[in-house]
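Below is one structure, written out as structure tokens, with a few remarks after it.
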Amino acid sequence: MKNIFISGISGLLGTNLVNILLEQGYKVTGVIRNPDNFTGTRNENLTLLKGGLFDDYSAIFSVTDIVIHIAAETKQNILRYEEYYKTNFEATRHLYETAVKSDVKKFIFVSTANTSGFADSDGLGNEDKPMKFPFTKSFYALSKKAAEDYLLQQSNATETVIICPTFMLGAFDSKPSSGRIILMGLYKKVIFYPPGGKNFVYVKDVAQSIINAMTFAKNGEKYIACNENISYKDFFQKLNKINDQNPLMIKVPGFLLQLAGLFGDLLRRLNIKTDLCTPNMQSLCIENYYSNHKSTTELNVKYQPVEIAIKEASDYFKNDFRKH
């Protein structure tokens with residue numbers, strides 16, 4: 001039985017990953033600021049540690065086979081790169097260095113697909129395409145890319161693998177994080193949608209890609225965990241059909257979003273926190289599409305239809321979200 005250490009255990013991906021690992025018989029140790037916030041499965045094979053990313057985990061790592069580092073600063077309203085860098089780069093380096101010193105066999109880092117280029121005239125985005133605007137101006141994506149670059153430059157006995165999910169949906173999104181897009185459309189009489197599109201993936205498939213990476217991934221490689229490339233209009237139409245609703249659908253012109261981004265840029269210069277900024281608004285206007293060829297062929301991941309993810313997320317927000 002492998003011993004697994006996970007950071008970010010209370011988030012959407014972390015909770016679903018723990019549920020599957022425990023179901024498959026693994027022993028899991030998870031670090032969490034407040035153990036009461038964990039809403040997933042609990043049994044004798046799960047240990048919850050109250051702590052932070054910069055604590056000393058040498059003793060635990062000495063009996064750990066694989067470290068899976070999911071925890072990240074993902075909030076979009078932070079004004080300065082340094083805040084992202086501390087959590088997304090420095091904490092990653094700290095955990096990795098501890099893993100190396102403790103002879104951990106494998107370190108799996110969860111990043112973001114946006115550190116690779118999205119679709120262009122040459123085809124869908126993939127692991128080999130360089131990062132592109134607007135994400136080259138995203139503090140979050142840049143901090144994750146810095147952590148990726150650091151990890152891929154290492155040549156230690158500890159194997160290193162990077163998993164890069166696209167936009168994940170499913171249950172146990174207790175913050176909520178990416179599930180906010182469900183709440184933007186659920187039970188609404190009017191839905192405003194942007195002109196672009198993105199790649200959506202079922203969170204359980206991302207969790208399974210991490211588990212498969214423990215066995216099949218090649219050292220020093222990154223894998224994009226993604227599935228269906230869908231316009232925002234088509235996404236909300238799927239959400240409407242699944243939830244038997246018929247709201248008025250209104251497309252927001254790209255130029256209005258870009259103006260909102262410029263307004264957000266001004267607010268940020270005045271030290272006012274806001275999700276609005278040019279990179280964030282521009283990302284709603286592009287076809288942020290990717291290929292899952294590498295993860296399906298090398299990690300043997302079988303991705304499920306996005307409708308399953310939308311339904312599971314919808315049911316969670318309808319029935320379980322307010323209980324947590």
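The chains in the structure tokens are called A, B, ... from first to last as shown; in each chain the residues are counted from 1, and the ligands are counted from 1 in the order shown.
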
Quiz prompt | Test item, helix (DSSP H, G or I) assignment across region 146-178 of chain A, answer as a list in words | solution =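 Everything in region 146-178 of chain A that counts as helix (DSSP H, G or I) is Ala146, Ala147, Glu148, Asp149, Tyr150, Leu151 and Leu152 of chain A.
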
Please produce a file of the residues just selected, as a CSV table (one decimal), in the first residue's frame, where the atoms kept are C-alpha atoms.
```
chain,number,residue,atom,x,y,z
A,146,ALA,CA,8.0,29.6,-12.7
A,147,ALA,CA,7.3,26.6,-10.5
A,148,GLU,CA,7.1,24.3,-13.6
A,149,ASP,CA,10.4,25.6,-14.9
A,150,TYR,CA,12.1,25.1,-11.6
A,151,LEU,CA,10.9,21.5,-11.2
A,152,LEU,CA,11.8,20.5,-14.8
```

For region 56-64 of chain A, list every protein, DNA or RNA residue within 7 Å, evaluated using only C-alpha atoms, and leave out those in the same chain fewer than 2 positions away; present the list as an mmCIF file with C-alpha atoms, in the first residue's frame.
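Output file around.cif is given in full below:
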```cif
data_model
loop_
_atom_site.group_PDB
_atom_site.id
_atom_site.type_symbol
_atom_site.label_atom_id
_atom_site.label_comp_id
_atom_site.auth_asym_id
_atom_site.auth_seq_id
_atom_site.Cartn_x
_atom_site.Cartn_y
_atom_site.Cartn_z
ATOM 1 C CA ASN A 3 1.603 6.293 1.287
ATOM 2 C CA ILE A 4 0.475 9.506 -0.401
ATOM 3 C CA PHE A 5 0.898 13.079 0.864
ATOM 4 C CA PHE A 54 5.964 26.104 4.694
ATOM 5 C CA ILE A 66 4.496 10.087 -3.446
ATOM 6 C CA THR A 98 11.966 18.395 1.458
ATOM 7 C CA ALA A 99 10.786 15.534 -0.739
ATOM 8 C CA SER A 102 13.520 12.603 2.379
ATOM 9 C CA ASP A 103 13.989 10.267 -0.610
ATOM 10 C CA VAL A 104 10.370 10.512 -1.744
#
```

Self-check item: Selection: 8 Å around Ala309 (chain A), only C-alpha atoms, excl. self and same-chain fewer than 2 positions, as a ChimeraX atom specification
Solution: /A:169-170,201-203,305-307,311-313

Quiz item: From the set A:Asn229, A:Thr166, A:Asn77, A:Ser138, which residue has the shortest atom-to-atom contact distance to Ser111 (chain A), counting only C-alpha atoms?
Solution: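 Of A:Asn229, A:Thr166, A:Asn77, A:Ser138, the one nearest Ser111 (chain A) is A:Thr166, counting only C-alpha atoms.
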
Quiz item: Counting only C-alpha atoms, which of A:Leu183, A:Leu256, A:Leu270, A:Leu53 gets nearest to Arg93 (chain A)?
Solution: A:Leu53

Self-check item: Nearest residue to Ile310 (chain A) from the set A:Lys188, A:Phe167, A:Asn246, A:Gln282 (distances using only C-alpha atoms)
Solution: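 Using only C-alpha atoms, Ile310 (chain A) sits closest to A:Phe167.
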